[in-house]
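This is query_19.cif. It holds mmCIF, C-alpha atoms.
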data_entry
loop_
_atom_site.label_atom_id
_atom_site.label_comp_id
_atom_site.auth_asym_id
_atom_site.auth_seq_id
_atom_site.Cartn_x
_atom_site.Cartn_y
_atom_site.Cartn_z
CA MET A 6 106.75 109.76 123.38
CA THR A 7 108.94 108.70 120.45
CA PRO A 8 108.74 111.04 117.45
CA ILE A 9 107.15 109.61 114.31
CA LYS A 10 109.65 109.56 111.45
CA LYS A 11 108.33 111.02 108.19
CA ALA A 12 110.07 111.12 104.81
CA TYR A 13 109.19 114.00 102.45
CA GLY A 14 110.18 114.25 98.79
CA TYR A 15 110.66 117.47 96.90
CA VAL A 16 110.52 115.91 93.43
CA THR A 17 112.15 118.46 91.13
CA ARG A 18 112.68 118.96 87.42
CA MET A 19 114.08 121.69 85.21
CA LYS A 20 111.67 123.22 82.70
CA GLU A 21 112.86 126.01 80.40
CA GLY A 22 115.80 126.63 82.72
CA LYS A 23 113.69 126.93 85.88
CA ALA A 24 113.28 124.54 88.80
CA GLN A 25 109.84 123.06 89.38
CA VAL A 26 108.51 120.98 92.28
CA LEU A 27 105.89 118.24 92.02
CA VAL A 28 102.74 118.67 94.14
CA PHE A 29 99.35 117.01 94.19
CA GLN A 30 95.78 117.94 94.94
CA HIS A 31 94.36 115.50 97.46
CA PRO A 32 90.76 114.47 96.66
CA ILE A 33 89.71 115.21 100.26
CA THR A 34 89.45 119.01 100.27
CA GLU A 35 90.72 119.44 103.84
CA ALA A 36 93.90 117.55 102.92
CA GLY A 37 94.74 120.30 100.42
CA ILE A 38 97.76 120.42 98.15
CA GLN A 39 100.70 118.32 99.29
CA ILE A 40 104.09 116.94 98.34
CA PRO A 41 104.70 113.18 98.42
CA LYS A 42 105.55 111.95 101.90
CA GLY A 43 104.87 109.20 104.34
CA THR A 44 105.74 107.39 107.52
CA VAL A 45 109.09 105.65 107.81
CA GLN A 46 108.58 102.00 108.75
CA PRO A 47 110.37 100.54 111.81
CA GLU A 48 114.02 99.75 110.96
CA GLU A 49 113.60 101.43 107.54
CA ASP A 50 116.24 103.86 106.30
CA THR A 51 114.73 107.31 105.64
CA GLN A 52 116.18 107.44 102.10
CA TYR A 53 114.62 104.06 101.29
CA ALA A 54 111.34 105.31 102.80
CA VAL A 55 111.24 108.37 100.55
CA ILE A 56 111.89 106.19 97.48
CA ARG A 57 109.05 103.85 98.50
CA GLU A 58 106.68 106.77 99.16
CA ILE A 59 107.45 108.46 95.82
CA GLU A 60 106.77 105.19 93.97
CA GLU A 61 103.58 104.45 95.93
CA GLU A 62 102.09 107.94 95.76
CA THR A 63 103.15 109.19 92.30
CA GLY A 64 103.70 106.08 90.18
CA LEU A 65 107.12 107.45 89.18
CA ARG A 66 109.90 104.87 88.91
CA ASN A 67 112.73 106.68 87.15
CA PHE A 68 114.02 109.30 89.60
CA HIS A 69 117.19 110.06 91.53
CA VAL A 70 117.49 110.91 95.23
CA GLU A 71 120.03 113.74 95.25
CA HIS A 72 120.46 114.40 98.96
CA LEU A 73 118.86 115.16 102.31
CA LEU A 74 117.85 118.83 102.28
CA ALA A 75 116.71 119.20 105.89
CA GLU A 76 115.82 117.30 109.05
CA ASP A 77 113.73 118.73 111.86
CA PHE A 78 111.26 118.02 114.65
CA TRP A 79 107.75 119.37 114.05
CA GLU A 80 104.50 119.27 115.98
CA ASN A 81 101.55 117.98 113.96
CA ASP A 82 98.00 119.34 114.41
CA ASP A 83 97.16 116.31 116.58
CA GLY A 84 100.07 117.07 118.94
CA ALA A 85 102.26 114.22 117.67
CA ILE A 86 105.93 115.08 117.19
CA HIS A 87 107.28 114.24 113.75
CA ASN A 88 110.98 113.79 112.98
CA ARG A 89 110.88 115.00 109.37
CA PHE A 90 113.39 114.21 106.63
CA PHE A 91 113.13 116.30 103.44
CA TYR A 92 114.90 114.92 100.37
CA LYS A 93 115.63 116.56 97.02
CA ILE A 94 114.72 114.20 94.20
CA THR A 95 115.28 114.82 90.50
CA VAL A 96 113.36 113.53 87.48
CA SER A 97 113.31 114.23 83.77
CA ASN A 98 110.94 113.32 80.94
CA VAL A 99 107.85 113.49 83.15
CA SER A 100 104.35 114.64 82.15
CA ASP A 101 103.19 118.13 83.08
CA GLU A 102 100.26 116.64 85.02
CA TRP A 103 98.66 113.28 85.70
CA ASP A 104 96.27 111.42 88.00
CA TYR A 105 97.41 108.42 90.05
CA GLU A 106 95.83 106.06 92.54
CA PRO A 107 98.35 105.49 95.35
CA THR A 108 99.36 101.86 95.93
CA GLY A 109 100.41 102.10 99.59
CA GLY A 110 97.01 101.02 100.92
CA GLY A 111 95.44 102.20 104.16
CA GLU A 112 93.69 105.58 104.17
CA GLU A 113 94.69 106.24 100.54
CA ASP A 114 92.91 103.14 99.14
CA GLY A 115 90.52 104.13 96.35
CA LEU A 116 91.71 107.76 96.18
CA THR A 117 93.10 109.49 93.11
CA PHE A 118 95.76 112.19 93.44
CA HIS A 119 96.13 114.90 90.77
CA PHE A 120 99.81 115.76 90.21
CA PHE A 121 101.17 118.98 88.73
CA TRP A 122 104.27 121.18 88.95
CA ILE A 123 104.84 124.51 90.66
CA SER A 124 107.54 127.01 89.71
CA SER A 125 107.70 129.11 92.89
CA ALA A 126 107.15 128.73 96.61
CA ASN A 127 104.09 131.03 96.50
CA GLU A 128 102.34 129.56 93.45
CA VAL A 129 99.95 127.42 95.51
CA GLU A 130 99.21 127.11 99.21
CA LEU A 131 100.54 123.78 100.41
CA ILE A 132 99.08 122.09 103.48
CA ARG A 133 100.83 123.17 106.71
CA GLY A 134 104.42 122.00 106.93
CA HIS A 135 104.85 120.81 103.35
CA GLY A 136 106.38 124.03 102.02
CA ASP A 137 108.77 124.60 104.92
CA TYR A 138 111.92 124.04 102.85
CA LEU A 139 110.82 125.11 99.37
CA ASN A 140 113.20 128.05 99.75
CA LEU A 141 116.07 125.53 99.41
CA ILE A 142 114.74 124.60 95.94
CA PHE A 143 113.55 128.02 94.75
CA ASN A 144 116.39 130.33 95.70
#
Output the file's structure as structure tokens, nothing else.
Amino acid sequence: MTPIKKAYGYVTRMKEGKAQVLVFQHPITEAGIQIPKGTVQPEEDTQYAVIREIEEETGLRNFHVEHLLAEDFWENDDGAIHNRFFYKITVSNVSDEWDYEPTGGGEEDGLTFHFFWISSANEVELIRGHGDYLNLIFN
């Protein structure tokens, strides 16, 4: 079985000298609090995929992909193996919180995500796997 490539974005900003990471509350309770991420399309570069996913899920347009933080292989709850690519992304002049309807279609059609910032790895409980590399942001 070929692993499913997934691109994850730790969207970061500096606020009062401290790093913050963008997260969102999914409207489906079981989906919990997440970071923006999505499936890499066939033949798509993972950095392009993370840019597309950030735009589709957050509505942000003015951000910078700094670098790849981590790559791993991870087993999802359904047994599928994901080849995950975590990128550090920086923004400035962004609201403290906002709601956005993702534009990527599919399962997210008609949903509204509530975005907000966290200032430490333990501030909220992210859905399994999403906080695996927060220590590389909050060190």
Residues selected by the PyMOL selection byres ((chain A and resi 63-80) around 7), written as a ChimeraX atom specification = /A:59-62,81-82,84-96,105,107
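For the point (90.9, 112.7, 96.3) in file coordinates, the residues within 6 Å, using all atoms listed in the file, are His31, Pro32, Ile33, Leu116, Thr117 and Phe118 of chain A.
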Care to translate the PyMOL selection byres ((chain A and resi 37) around 12) into actual residues of this file, as an NGL selection string?
-> :A and (28-36 or 38-40 or 118-119 or 129-135)
How would the residues just chosen look if you wrote them out with C-alpha atoms as a CSV table (one decimal), in the coordinates of the input?
chain,number,residue,atom,x,y,z
A,28,VAL,CA,102.7,118.7,94.1
A,29,PHE,CA,99.4,117.0,94.2
A,30,GLN,CA,95.8,117.9,94.9
A,31,HIS,CA,94.4,115.5,97.5
A,32,PRO,CA,90.8,114.5,96.7
A,33,ILE,CA,89.7,115.2,100.3
A,34,THR,CA,89.4,119.0,100.3
A,35,GLU,CA,90.7,119.4,103.8
A,36,ALA,CA,93.9,117.6,102.9
A,38,ILE,CA,97.8,120.4,98.2
A,39,GLN,CA,100.7,118.3,99.3
A,40,ILE,CA,104.1,116.9,98.3
A,118,PHE,CA,95.8,112.2,93.4
A,119,HIS,CA,96.1,114.9,90.8
A,129,VAL,CA,100.0,127.4,95.5
A,130,GLU,CA,99.2,127.1,99.2
A,131,LEU,CA,100.5,123.8,100.4
A,132,ILE,CA,99.1,122.1,103.5
A,133,ARG,CA,100.8,123.2,106.7
A,134,GLY,CA,104.4,122.0,106.9
A,135,HIS,CA,104.8,120.8,103.4
Could you name the residues that touch Arg57 in chain A at 10 Å or less, counting all atoms listed in the file, but leaving out those on the same chain fewer than 6 positions away, as a tab-separated table (two decimals) with C-alpha atoms, in the coordinates of the input?
chain	number	residue	atom	x	y	z
A	12	ALA	CA	110.07	111.12	104.81
A	42	LYS	CA	105.55	111.95	101.90
A	43	GLY	CA	104.87	109.20	104.34
A	45	VAL	CA	109.09	105.65	107.81
A	51	THR	CA	114.73	107.31	105.64
A	66	ARG	CA	109.90	104.87	88.91
A	109	GLY	CA	100.41	102.10	99.59
Long-range neighbours of Leu139 in chain A as a PDB file with C-alpha atoms, in the coordinates of the input, 10 Å cut-off, all atoms listed in the file, 2 positions minimum in chain:
ATOM      1  CA  TYR A  15     110.660 117.470  96.900  1.00  0.00           C
ATOM      2  CA  VAL A  26     108.510 120.980  92.280  1.00  0.00           C
ATOM      3  CA  LEU A  74     117.850 118.830 102.280  1.00  0.00           C
ATOM      4  CA  PHE A  91     113.130 116.300 103.440  1.00  0.00           C
ATOM      5  CA  SER A 125     107.700 129.110  92.890  1.00  0.00           C
ATOM      6  CA  ALA A 126     107.150 128.730  96.610  1.00  0.00           C
ATOM      7  CA  ASN A 127     104.090 131.030  96.500  1.00  0.00           C
ATOM      8  CA  HIS A 135     104.850 120.810 103.350  1.00  0.00           C
ATOM      9  CA  GLY A 136     106.380 124.030 102.020  1.00  0.00           C
ATOM     10  CA  ASP A 137     108.770 124.600 104.920  1.00  0.00           C
ATOM     11  CA  LEU A 141     116.070 125.530  99.410  1.00  0.00           C
ATOM     12  CA  ILE A 142     114.740 124.600  95.940  1.00  0.00           C
ATOM     13  CA  PHE A 143     113.550 128.020  94.750  1.00  0.00           C
ATOM     14  CA  ASN A 144     116.390 130.330  95.700  1.00  0.00           C
TER      15      ASN A 144
END
State, in Å with one decimal place, the distance from CA of Arg18 in chain A to CA of Asp104 in chain A.
->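 Distance between the two atoms: 18.1 Å.
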Rounded to one decimal in Å, what is the spacing between CA of Asn140 in chain A and CA of Pro41 in chain A?
-> 17.2 Å
